[in-house]
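So this block is final.cif, mmCIF, C-alpha atoms and all ligand atoms:
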```
data_entry
#
loop_
_atom_site.label_atom_id
_atom_site.label_comp_id
_atom_site.auth_asym_id
_atom_site.auth_seq_id
_atom_site.Cartn_x
_atom_site.Cartn_y
_atom_site.Cartn_z
CA LEU A 1 -8.90 38.58 28.37
CA LYS A 2 -7.22 41.81 29.49
CA ASN A 3 -3.79 40.56 30.43
CA LEU A 4 -1.85 37.71 28.91
CA GLY A 5 -0.61 37.07 32.41
CA ASP A 6 -4.15 36.09 33.50
CA LEU A 7 -3.97 32.89 31.52
CA PRO A 8 -3.77 29.90 33.86
CA VAL A 9 -0.76 27.63 33.61
CA LEU A 10 -1.79 24.26 32.16
CA PRO A 11 -0.06 21.02 33.06
CA LEU A 12 2.07 19.30 30.40
CA PRO A 13 0.47 16.17 28.93
CA GLU A 14 1.34 13.37 31.30
CA SER A 15 3.55 11.26 29.02
CA PHE A 16 5.75 14.25 28.15
CA ALA A 17 5.90 15.39 31.79
CA LEU A 18 6.96 11.88 32.81
CA THR A 19 9.77 11.79 30.26
CA ALA A 20 11.03 15.17 31.50
CA ALA A 21 10.92 14.00 35.13
CA TYR A 22 12.64 10.74 34.21
CA ASN A 23 15.42 12.60 32.39
CA GLU A 24 16.05 14.72 35.49
CA ASP A 25 16.15 11.75 37.84
CA SER A 26 19.75 10.82 38.74
CA PHE A 27 18.88 7.46 40.32
CA PRO A 28 20.98 4.83 38.46
CA ASN A 29 18.28 2.14 38.28
CA LYS A 30 15.41 4.40 37.18
CA VAL A 31 12.98 2.86 34.68
CA ASN A 32 10.90 4.70 32.08
CA LEU A 33 7.62 2.91 31.36
CA GLY A 34 5.82 6.11 30.36
CA GLN A 35 5.95 7.27 26.77
CA GLY A 36 4.78 4.93 23.98
CA VAL A 37 8.06 4.56 22.15
CA TYR A 38 9.93 1.39 21.23
CA ARG A 39 13.20 0.68 23.01
CA ASP A 40 15.70 -2.06 22.20
CA ASN A 41 16.87 -4.70 24.66
CA ASN A 42 19.19 -2.14 26.28
CA CYS A 43 16.27 0.30 26.63
CA GLN A 44 17.79 2.55 23.96
CA PRO A 45 16.10 4.12 20.91
CA TRP A 46 16.28 1.79 17.89
CA VAL A 47 16.76 3.00 14.35
CA LEU A 48 15.32 0.19 12.25
CA PRO A 49 18.05 -1.36 10.03
CA SER A 50 15.69 -1.07 7.02
CA VAL A 51 15.30 2.65 7.76
CA ARG A 52 19.09 3.07 8.07
CA LYS A 53 19.47 1.48 4.66
CA ALA A 54 16.87 3.81 3.16
CA GLU A 55 18.71 6.79 4.68
CA GLU A 56 21.91 5.67 2.90
CA THR A 57 20.07 5.24 -0.38
CA LEU A 58 18.60 8.74 -0.10
CA HIS A 59 21.96 10.21 0.81
CA ASN A 60 23.52 8.67 -2.28
CA GLN A 61 20.70 10.00 -4.48
CA GLN A 62 21.62 13.60 -3.59
CA VAL A 63 17.95 14.53 -3.23
CA ASN A 64 16.76 18.15 -3.31
CA HIS A 65 14.55 19.99 -0.81
CA GLU A 66 11.70 21.37 -2.90
CA TYR A 67 8.11 21.82 -1.65
CA LEU A 68 5.79 18.84 -1.87
CA PRO A 69 2.27 19.24 -3.30
CA ILE A 70 -0.28 20.27 -0.64
CA ALA A 71 -1.74 16.75 -0.46
CA GLY A 72 1.72 15.21 -0.20
CA ASP A 73 3.90 12.88 -2.23
CA SER A 74 1.63 10.75 -4.42
CA LYS A 75 4.02 7.79 -4.56
CA PHE A 76 4.31 7.75 -0.79
CA LEU A 77 0.53 8.01 -0.46
CA THR A 78 -0.11 5.03 -2.70
CA LYS A 79 2.33 2.91 -0.69
CA ALA A 80 0.92 4.09 2.64
CA ARG A 81 -2.64 3.45 1.48
CA ASP A 82 -1.81 -0.06 0.24
CA LEU A 83 -0.10 -0.86 3.52
CA LEU A 84 -3.44 -0.32 5.24
CA PHE A 85 -5.97 -1.42 2.65
CA SER A 86 -3.79 -4.09 0.91
CA PRO A 87 -2.13 -3.79 -2.51
CA GLU A 88 -4.99 -5.81 -4.01
CA ILE A 89 -7.59 -3.09 -3.68
CA GLY A 90 -7.03 -1.99 -7.27
CA SER A 91 -8.00 1.49 -8.40
CA SER A 92 -9.83 2.28 -5.14
CA GLU A 93 -11.44 5.43 -6.47
CA ASN A 94 -13.39 5.90 -3.27
CA ILE A 95 -10.22 6.40 -1.19
CA THR A 96 -8.70 9.87 -1.00
CA SER A 97 -5.33 10.16 0.71
CA LEU A 98 -3.35 13.08 2.11
CA GLN A 99 0.03 13.16 3.79
CA THR A 100 -0.10 14.45 7.38
CA ILE A 101 2.06 15.51 10.29
CA ALA A 102 2.11 11.98 11.72
CA GLY A 103 -0.91 10.29 13.27
CA THR A 104 -1.68 13.34 15.38
CA GLY A 105 -1.93 15.53 12.29
CA ALA A 106 -4.22 12.97 10.66
CA ASN A 107 -6.52 12.91 13.71
CA HIS A 108 -6.54 16.68 13.80
CA LEU A 109 -7.34 17.04 10.11
CA ALA A 110 -10.14 14.48 10.46
CA ALA A 111 -11.60 16.39 13.42
CA ILE A 112 -11.51 19.74 11.61
CA PHE A 113 -13.10 18.27 8.52
CA CYS A 114 -15.87 16.59 10.50
CA ALA A 115 -16.60 19.70 12.57
CA ARG A 116 -16.69 22.08 9.62
CA ASN A 117 -18.20 19.96 6.88
CA LEU A 118 -20.10 17.10 8.45
CA HIS A 119 -21.55 18.83 11.55
CA PRO A 120 -22.03 15.74 13.72
CA LYS A 121 -23.74 16.25 17.05
CA ASN A 122 -21.44 13.87 18.93
CA VAL A 123 -18.10 12.18 18.69
CA PHE A 124 -17.89 8.84 20.51
CA ILE A 125 -14.53 8.11 22.12
CA SER A 126 -13.51 4.90 23.88
CA ASP A 127 -13.27 4.93 27.67
CA PRO A 128 -10.34 5.09 28.21
CA THR A 129 -8.38 6.26 25.18
CA TRP A 130 -5.18 8.01 24.06
CA ASP A 131 -5.53 11.29 25.97
CA ASN A 132 -4.86 13.39 22.89
CA HIS A 133 -8.13 12.30 21.26
CA HIS A 134 -9.91 14.50 23.78
CA LEU A 135 -7.62 17.48 23.34
CA ILE A 136 -7.64 17.26 19.54
CA TRP A 137 -11.45 17.25 19.38
CA GLU A 138 -11.72 19.94 22.03
CA VAL A 139 -9.39 22.22 20.05
CA ALA A 140 -10.41 21.37 16.48
CA ALA A 141 -14.10 20.64 16.94
CA PRO A 142 -15.37 22.57 19.99
CA ASN A 143 -18.99 22.37 18.81
CA VAL A 144 -19.04 18.60 18.70
CA THR A 145 -20.00 16.97 22.02
CA ARG A 146 -17.52 14.37 23.21
CA LYS A 147 -19.16 11.24 24.56
CA LEU A 148 -17.44 8.20 26.01
CA TYR A 149 -18.40 4.69 25.01
CA PRO A 150 -17.63 1.88 27.49
CA TYR A 151 -14.53 -0.07 26.50
CA TYR A 152 -12.51 -1.39 29.43
CA GLU A 153 -14.15 -3.51 32.12
CA PRO A 154 -12.00 -3.48 35.28
CA SER A 155 -13.68 -6.52 36.84
CA THR A 156 -12.70 -8.80 33.94
CA ARG A 157 -9.72 -6.77 32.78
CA GLY A 158 -11.28 -7.23 29.36
CA LEU A 159 -13.47 -5.51 26.79
CA ASN A 160 -16.94 -4.36 27.82
CA PHE A 161 -18.26 -5.28 24.40
CA GLU A 162 -21.95 -5.28 25.31
CA GLY A 163 -21.62 -1.84 26.90
CA MET A 164 -19.77 -0.48 23.90
CA LEU A 165 -22.30 -1.75 21.41
CA ALA A 166 -25.29 -0.66 23.50
CA GLU A 167 -23.93 2.88 23.79
CA LEU A 168 -23.49 3.17 20.02
CA GLU A 169 -26.85 1.55 19.41
CA ASN A 170 -28.77 3.75 21.87
CA SER A 171 -26.99 7.11 21.89
CA ALA A 172 -25.41 7.63 18.48
CA GLU A 173 -27.32 9.47 15.77
CA GLU A 174 -26.86 9.45 12.01
CA ASN A 175 -23.67 11.31 11.05
CA ASP A 176 -22.20 11.08 14.56
CA VAL A 177 -18.51 10.21 14.62
CA VAL A 178 -17.11 7.12 16.31
CA ILE A 179 -13.37 6.81 16.88
CA LEU A 180 -12.13 3.21 16.78
CA HIS A 181 -8.58 2.02 17.46
CA ALA A 182 -7.67 -0.20 14.51
CA CYS A 183 -5.41 -2.48 16.56
CA ALA A 184 -3.37 -2.60 19.79
CA HIS A 185 -5.73 -0.28 21.66
CA ASN A 186 -4.00 2.48 23.61
CA PRO A 187 -3.97 2.30 26.66
CA THR A 188 -5.67 -1.04 27.36
CA GLY A 189 -3.93 -3.45 24.96
CA ILE A 190 -7.33 -5.07 24.35
CA ASP A 191 -8.86 -5.36 20.86
CA PRO A 192 -12.26 -6.66 19.76
CA THR A 193 -12.26 -10.14 18.21
CA LYS A 194 -13.11 -10.53 14.51
CA GLU A 195 -16.66 -11.56 15.42
CA GLN A 196 -17.00 -8.45 17.59
CA TRP A 197 -15.63 -6.21 14.83
CA LYS A 198 -18.28 -7.60 12.50
CA LYS A 199 -21.00 -6.62 14.97
CA ILE A 200 -19.51 -3.14 15.41
CA ALA A 201 -19.43 -2.75 11.61
CA GLU A 202 -23.07 -3.74 11.38
CA VAL A 203 -24.12 -1.09 13.91
CA VAL A 204 -22.05 1.78 12.48
CA GLY A 205 -23.24 0.94 8.96
CA ARG A 206 -26.90 0.56 9.85
CA LYS A 207 -26.91 3.76 11.89
CA LYS A 208 -24.96 5.64 9.20
CA LEU A 209 -22.30 6.83 11.61
CA PHE A 210 -19.00 8.31 10.46
CA VAL A 211 -16.06 6.04 11.32
CA VAL A 212 -12.66 7.41 12.31
CA PHE A 213 -10.16 4.56 12.55
CA ASP A 214 -7.03 5.54 14.42
CA CYS A 215 -4.20 3.26 13.32
CA ALA A 216 -1.02 4.06 15.25
CA TYR A 217 0.33 0.56 15.94
CA GLN A 218 0.00 -1.43 12.71
CA GLY A 219 2.39 -4.36 13.20
CA PHE A 220 2.65 -4.05 16.96
CA ALA A 221 -0.36 -6.22 17.77
CA SER A 222 0.72 -9.38 15.96
CA GLY A 223 4.07 -8.57 14.33
CA ASP A 224 2.32 -8.79 10.95
CA THR A 225 1.13 -5.55 9.33
CA ASP A 226 -1.48 -7.35 7.19
CA ALA A 227 -3.03 -9.16 10.14
CA ASP A 228 -3.19 -5.91 12.11
CA ALA A 229 -5.11 -4.17 9.31
CA TRP A 230 -7.89 -6.76 9.42
CA ALA A 231 -10.58 -4.52 10.93
CA ILE A 232 -9.92 -1.66 8.49
CA ARG A 233 -9.98 -4.04 5.52
CA TYR A 234 -13.16 -5.68 6.76
CA PHE A 235 -14.97 -2.34 7.18
CA TYR A 236 -13.75 -1.20 3.78
CA SER A 237 -14.59 -4.31 1.82
CA THR A 238 -17.98 -5.03 3.36
CA LEU A 239 -19.44 -1.63 4.29
CA PHE A 240 -18.21 0.32 1.29
CA ALA A 241 -18.85 -2.29 -1.40
CA GLU A 242 -21.27 -1.03 -4.04
CA SER A 243 -23.71 -3.76 -3.08
CA SER A 244 -23.63 -2.88 0.64
CA SER A 245 -26.89 -1.80 2.23
CA LEU A 246 -25.08 -0.78 5.43
CA THR A 247 -22.77 1.99 4.30
CA PRO A 248 -21.62 4.47 6.99
CA ALA A 249 -21.65 8.23 6.30
CA GLY A 250 -17.94 7.88 5.53
CA MET A 251 -14.71 6.63 7.02
CA PHE A 252 -11.38 8.20 7.86
CA VAL A 253 -8.28 6.18 8.61
CA CYS A 254 -5.64 8.12 10.55
CA GLN A 255 -2.35 6.40 9.83
CA SER A 256 0.72 6.94 11.97
CA LEU A 257 4.05 5.67 10.67
CA SER A 258 5.85 6.90 13.79
CA LYS A 259 5.97 3.59 15.62
CA ASN A 260 6.18 0.95 12.92
CA PHE A 261 9.01 2.79 11.15
CA GLY A 262 10.56 4.20 14.33
CA LEU A 263 10.25 7.67 12.77
CA TYR A 264 8.79 9.38 15.85
CA GLY A 265 10.34 12.81 15.48
CA GLU A 266 10.03 12.95 11.68
CA ARG A 267 6.24 13.32 11.98
CA ILE A 268 5.08 11.18 9.08
CA GLY A 269 1.56 9.85 8.58
CA ALA A 270 -1.44 9.95 6.29
CA LEU A 271 -5.17 10.51 6.36
CA HIS A 272 -7.33 8.35 4.11
CA LEU A 273 -10.96 9.23 3.46
CA VAL A 274 -13.30 6.51 2.21
CA THR A 275 -16.47 7.84 0.60
CA PRO A 276 -19.63 5.81 -0.06
CA SER A 277 -19.65 4.64 -3.69
CA SER A 278 -22.56 6.93 -4.54
CA ASN A 279 -20.60 10.04 -3.42
CA SER A 280 -17.93 11.82 -5.42
CA PRO A 281 -14.81 12.33 -3.24
CA GLU A 282 -13.66 15.43 -5.16
CA GLY A 283 -15.32 18.09 -3.00
CA ALA A 284 -14.18 16.48 0.24
CA LYS A 285 -10.64 16.27 -1.07
CA ALA A 286 -10.65 19.95 -2.06
CA HIS A 287 -11.74 20.93 1.44
CA LEU A 288 -9.11 18.76 3.09
CA VAL A 289 -6.48 20.31 0.82
CA GLN A 290 -7.63 23.76 1.89
CA PHE A 291 -7.27 22.93 5.59
CA VAL A 292 -3.76 21.60 4.99
CA ARG A 293 -2.87 24.75 3.07
CA ALA A 294 -4.07 26.92 5.96
CA GLU A 295 -2.25 24.94 8.61
CA ILE A 296 1.06 23.77 7.15
CA SER A 297 0.91 24.77 3.46
CA CYS A 298 2.40 21.42 2.50
CA PRO A 299 3.74 18.42 4.43
CA SER A 300 7.34 17.50 5.21
CA LEU A 301 9.65 15.46 3.04
CA PHE A 302 12.05 13.28 4.94
CA GLY A 303 9.74 10.73 6.56
CA ALA A 304 7.76 10.32 3.35
CA ARG A 305 10.97 9.62 1.43
CA ILE A 306 12.11 7.02 3.95
CA VAL A 307 8.77 5.18 4.00
CA GLN A 308 8.44 5.32 0.23
CA THR A 309 12.02 4.05 -0.26
CA VAL A 310 11.47 1.14 2.12
CA LEU A 311 8.10 0.08 0.78
CA ASP A 312 9.08 0.44 -2.89
CA ASP A 313 11.98 -2.00 -2.75
CA ALA A 314 11.03 -5.67 -2.30
CA GLU A 315 14.19 -6.53 -0.39
CA LEU A 316 14.06 -3.51 1.88
CA ARG A 317 10.38 -4.04 2.47
CA SER A 318 10.85 -7.59 3.68
CA LYS A 319 13.73 -6.40 5.87
CA TRP A 320 11.34 -3.83 7.35
CA GLN A 321 8.67 -6.46 7.96
CA GLU A 322 11.29 -8.41 9.87
CA ASP A 323 12.18 -5.26 11.88
CA VAL A 324 8.51 -4.83 12.82
CA ARG A 325 8.35 -8.46 13.89
CA ILE A 326 11.45 -8.02 16.05
CA MET A 327 9.83 -5.08 17.87
CA ALA A 328 6.52 -6.86 18.40
CA LEU A 329 8.20 -10.07 19.59
CA ARG A 330 10.51 -8.30 22.02
CA ILE A 331 7.54 -6.63 23.67
CA LYS A 332 5.70 -9.94 23.79
CA GLY A 333 8.74 -11.47 25.40
CA VAL A 334 8.94 -8.91 28.21
CA ARG A 335 5.24 -9.42 28.92
CA THR A 336 6.00 -13.04 29.77
CA LEU A 337 9.10 -12.11 31.76
CA LEU A 338 7.21 -9.60 33.90
CA LYS A 339 4.33 -11.97 34.54
CA LEU A 340 6.71 -14.76 35.55
CA GLU A 341 8.69 -12.47 37.88
CA LEU A 342 5.51 -11.26 39.57
CA GLU A 343 4.37 -14.85 40.07
CA LYS A 344 7.79 -15.93 41.32
CA LEU A 345 7.60 -13.26 44.01
CA GLY A 346 4.14 -14.45 45.03
CA THR A 347 2.66 -11.06 44.16
CA PRO A 348 -1.02 -11.09 45.16
CA GLY A 349 -3.49 -11.19 42.28
CA ASP A 350 -3.74 -12.72 38.83
CA TRP A 351 -1.21 -11.27 36.38
CA SER A 352 -2.18 -13.22 33.28
CA HIS A 353 -3.63 -10.07 31.68
CA ILE A 354 -0.10 -8.71 31.23
CA GLU A 355 0.64 -11.58 28.87
CA GLN A 356 -2.77 -11.56 27.18
CA GLN A 357 -2.93 -7.87 26.31
CA ILE A 358 -1.39 -6.87 22.99
CA GLY A 359 0.65 -4.05 21.49
CA MET A 360 2.96 -1.64 23.22
CA PHE A 361 1.13 -1.28 26.51
CA SER A 362 -0.17 -3.13 29.49
CA PHE A 363 -3.09 -1.77 31.45
CA THR A 364 -1.75 -3.16 34.69
CA GLY A 365 -4.64 -2.46 37.04
CA LEU A 366 -2.32 -0.54 39.40
CA SER A 367 -4.04 2.43 41.07
CA SER A 368 -2.80 5.99 40.67
CA ALA A 369 -1.61 5.94 44.31
CA GLN A 370 0.44 2.81 43.58
CA VAL A 371 1.84 4.39 40.41
CA GLN A 372 2.80 7.45 42.45
CA GLU A 373 4.60 5.28 44.97
CA LEU A 374 6.44 3.43 42.20
CA LYS A 375 7.76 6.78 41.04
CA GLU A 376 8.62 8.29 44.40
CA LYS A 377 10.05 5.24 46.08
CA HIS A 378 11.40 3.19 43.19
CA HIS A 379 12.04 5.70 40.37
CA ILE A 380 9.75 3.78 38.02
CA TYR A 381 7.74 6.05 35.73
CA MET A 382 4.36 5.11 34.21
CA LEU A 383 0.98 6.78 33.55
CA SER A 384 -1.27 7.35 36.55
CA ASN A 385 -4.06 5.30 34.95
CA GLY A 386 -1.84 2.24 35.35
CA ARG A 387 -0.66 2.06 31.74
CA MET A 388 2.81 0.63 31.36
CA SER A 389 4.79 1.09 28.17
CA LEU A 390 6.45 -2.31 28.04
CA SER A 391 9.37 -1.44 25.81
CA GLY A 392 11.05 0.19 28.82
CA LEU A 393 11.49 -3.29 30.30
CA ASN A 394 14.36 -5.67 29.61
CA GLU A 395 16.02 -8.72 31.14
CA SER A 396 18.12 -6.53 33.43
CA ASN A 397 15.38 -4.43 35.00
CA VAL A 398 12.31 -6.67 34.97
CA ALA A 399 13.09 -8.24 38.36
CA TYR A 400 13.55 -4.78 39.89
CA VAL A 401 10.21 -3.61 38.48
CA ALA A 402 8.39 -6.76 39.65
CA GLN A 403 9.85 -6.40 43.15
CA ALA A 404 8.75 -2.76 43.25
CA ILE A 405 5.20 -3.66 42.16
CA ARG A 406 5.10 -6.34 44.86
CA ASP A 407 6.23 -3.67 47.32
CA VAL A 408 3.52 -1.10 46.51
CA LEU A 409 0.62 -3.55 46.48
N1 LIG A 501 -3.15 7.55 18.00
C1 LIG A 501 -2.80 6.82 19.06
C2 LIG A 501 -3.79 5.89 19.64
C3 LIG A 501 -1.52 6.94 19.60
O1 LIG A 501 -1.19 6.20 20.66
C4 LIG A 501 -0.60 7.83 19.01
C5 LIG A 501 0.77 8.01 19.54
N2 LIG A 501 0.96 7.94 20.87
C6 LIG A 501 -1.03 8.57 17.89
C7 LIG A 501 -2.30 8.40 17.42
C8 LIG A 501 -0.19 9.59 17.18
O2 LIG A 501 1.11 9.31 17.00
P1 LIG A 501 2.05 10.23 16.14
O3 LIG A 501 1.45 11.58 16.03
O4 LIG A 501 3.34 10.26 16.90
O5 LIG A 501 2.18 9.56 14.81
#
```
Output the file's structure in the form of structure tokens.
Amino acid sequence: LKNLGDLPVLPLPESFALTAAYNEDSFPNKVNLGQGVYRDNNCQPWVLPSVRKAEETLHNQQVNHEYLPIAGDSKFLTKARDLLFSPEIGSSENITSLQTIAGTGANHLAAIFCARNLHPKNVFISDPTWDNHHLIWEVAAPNVTRKLYPYYEPSTRGLNFEGMLAELENSAEENDVVILHACAHNPTGIDPTKEQWKKIAEVVGRKKLFVVFDCAYQGFASGDTDADAWAIRYFYSTLFAESSSLTPAGMFVCQSLSKNFGLYGERIGALHLVTPSSNSPEGAKAHLVQFVRAEISCPSLFGARIVQTVLDDAELRSKWQEDVRIMALRIKGVRTLLKLELEKLGTPGDWSHIEQQIGMFSFTGLSSAQVQELKEKHHIYMLSNGRMSLSGLNESNVAYVAQAIRDVL
């Protein structure tokens, strides 16, 4: 490169570009169904009451602003780990945890570690997926080939489970990485059933793949954080038991606390590494610590303090669980509202998938041309792949959105 000016201009990631365009739009009835953030019934940001309470507690404690250890706050990490793996896991010596810059930082750290220490040939990514999976692996692990495994089947608007399993069975080699969404798959809103998870676990264990669970929506699938951790707990307890003959090369869980605590901008998350019982985790931990030191030196305080304060206090914790339920149920509620409105208008097609899909999103089946028209004609913003972030809907705008969808079909 001779001149900095020769660098091509790259487009902004779509969800951020949509939010910027939405903010500039002066149309009074505009609707933002783009970015994956929770909104209350008035389509406003919601600070969880349990989080507000923790903020007050911290304020009264007159906390200081010292550096954290490189791996993060150990009390926070124990709470975050138990939230995923359950408090009953005991000493769990084969789990190593580090605090990260939200779920994105956890994914990034996992990718760097895999690329530099594990040297997989391929990383298998669901088709489709959260777009940042591709960018993260492209930037952090350029020598690892990105391969797509079938996930969404347009004809059934469901999971292409046979295709997914066949791709892992036939194309993945020992040590290859497979990224799995722990629950509330982004963007499709479709998760494997428990029986399907068991079959996936069997394949990744038998083929000695390296599992990367991305867990960004714990609580949003069912409203219950324990139920939503089922797949992670199943993989952990069966594949990594000492008696298991099907142990994968290892397992990362990338934990985002952005959505289930409403702490989006505070950038709080964790990365948990599960090592096979025959392997010491010490070397892996030292390498992860070194990457963190090089990138951020040590993680940030505020989000960790909030999460730790909420989870450490029985009363606050149950208040938080109720807050999570409120978010999940509101989104479930607008799914039904939208489906009913579409049916009321006699909109062509079957809209039951909107109600059946789970989590924050609906993969509507709208084409990118239809999405474009929704934006230009009706000031409704959503991703061009047809993903709708449902929390932008409420009782006041759902009829408008349904009418607009009817119009563009
Ligand atoms: N993974 C998935 C699948 C996501 O959808 C997101 C957020 N959109 C993340 C990870 C990361 O979220 P954050 O960095 O905000 O915690």
Once you add 5 Å to each side, what are the centre and edge lengths of the axis-aligned box holding all listed atoms of ligand LIG 501 (chain A)? One decimal in Å, as lines of an AutoDock Vina configuration file, if you can.
```
center_x = -0.2
center_y = 8.7
center_z = 17.8
size_x = 17.1
size_y = 15.7
size_z = 16.1
```
Could you make a table, as a tab-separated table, of the residues of chain A that have an atom within 9 Å of an atom of ligand LIG 501 (chain A), each with its nearest atom pair and distance in Å to one decimal, counting all atoms listed in the file, in chain and number order?
```
residue	atom	partner	partner_atom	distance
A:Gln35	CA	A:LIG501	N2	7.8
A:Gly36	CA	A:LIG501	N2	5.8
A:Val37	CA	A:LIG501	N2	8.0
A:Ile101	CA	A:LIG501	O3	7.0
A:Ala102	CA	A:LIG501	O5	3.9
A:Gly103	CA	A:LIG501	O5	3.5
A:Thr104	CA	A:LIG501	O3	3.6
A:Gly105	CA	A:LIG501	O3	6.4
A:Ala106	CA	A:LIG501	O3	7.9
A:Asn107	CA	A:LIG501	C7	7.2
A:Thr129	CA	A:LIG501	C2	7.2
A:Trp130	CA	A:LIG501	C2	5.1
A:Asp131	CA	A:LIG501	C2	8.5
A:Asn132	CA	A:LIG501	N1	7.8
A:His133	CA	A:LIG501	N1	7.6
A:His181	CA	A:LIG501	C2	6.5
A:Ala182	CA	A:LIG501	C2	8.9
A:Ala184	CA	A:LIG501	C2	8.5
A:His185	CA	A:LIG501	C2	6.8
A:Asn186	CA	A:LIG501	C2	5.2
A:Pro187	CA	A:LIG501	O1	7.7
A:Asp214	CA	A:LIG501	N1	5.6
A:Cys215	CA	A:LIG501	N1	6.4
A:Ala216	CA	A:LIG501	N1	4.9
A:Tyr217	CA	A:LIG501	O1	7.5
A:Cys254	CA	A:LIG501	C7	7.6
A:Gln255	CA	A:LIG501	O5	7.4
A:Ser256	CA	A:LIG501	O5	4.1
A:Leu257	CA	A:LIG501	O5	6.0
A:Ser258	CA	A:LIG501	O5	4.6
A:Lys259	CA	A:LIG501	O5	7.1
A:Leu263	CA	A:LIG501	O4	8.5
A:Tyr264	CA	A:LIG501	O4	5.6
A:Gly265	CA	A:LIG501	O4	7.6
A:Glu266	CA	A:LIG501	O4	8.9
A:Arg267	CA	A:LIG501	O5	6.2
A:Ile268	CA	A:LIG501	O5	6.6
A:Gly269	CA	A:LIG501	O5	6.3
```
- Query: So which one's closest to Tyr381 of chain A, A:Ile112, A:Ala201, A:Leu33, A:Ala249? Using only C-alpha atoms, please.
  - Reply: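 Of A:Ile112, A:Ala201, A:Leu33, A:Ala249, the one nearest Tyr381 of chain A, counting only C-alpha atoms, is A:Leu33.
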- Item | Interatomic distance (Å, one decimal) between atom CA of Glu242 of chain A and atom CA of Val274 of chain A |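 Computing it gives 12.6 Å between the two atoms.
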- Write out as a list in words the residues lying within 8 Å of segment 209-213 of chain A, counting all atoms listed in the file and excluding same-chain residues fewer than 2 positions away. Ala110, Ala172, Glu173, Glu174, Asn175, Asp176, Val177, Val178, Ile179, Leu180, His181, Ala182, Val204, Gly205, Arg206, Lys207, Cys215, Ile232, Pro248, Ala249, Gly250, Met251, Phe252, Val253 and Cys254 of chain A
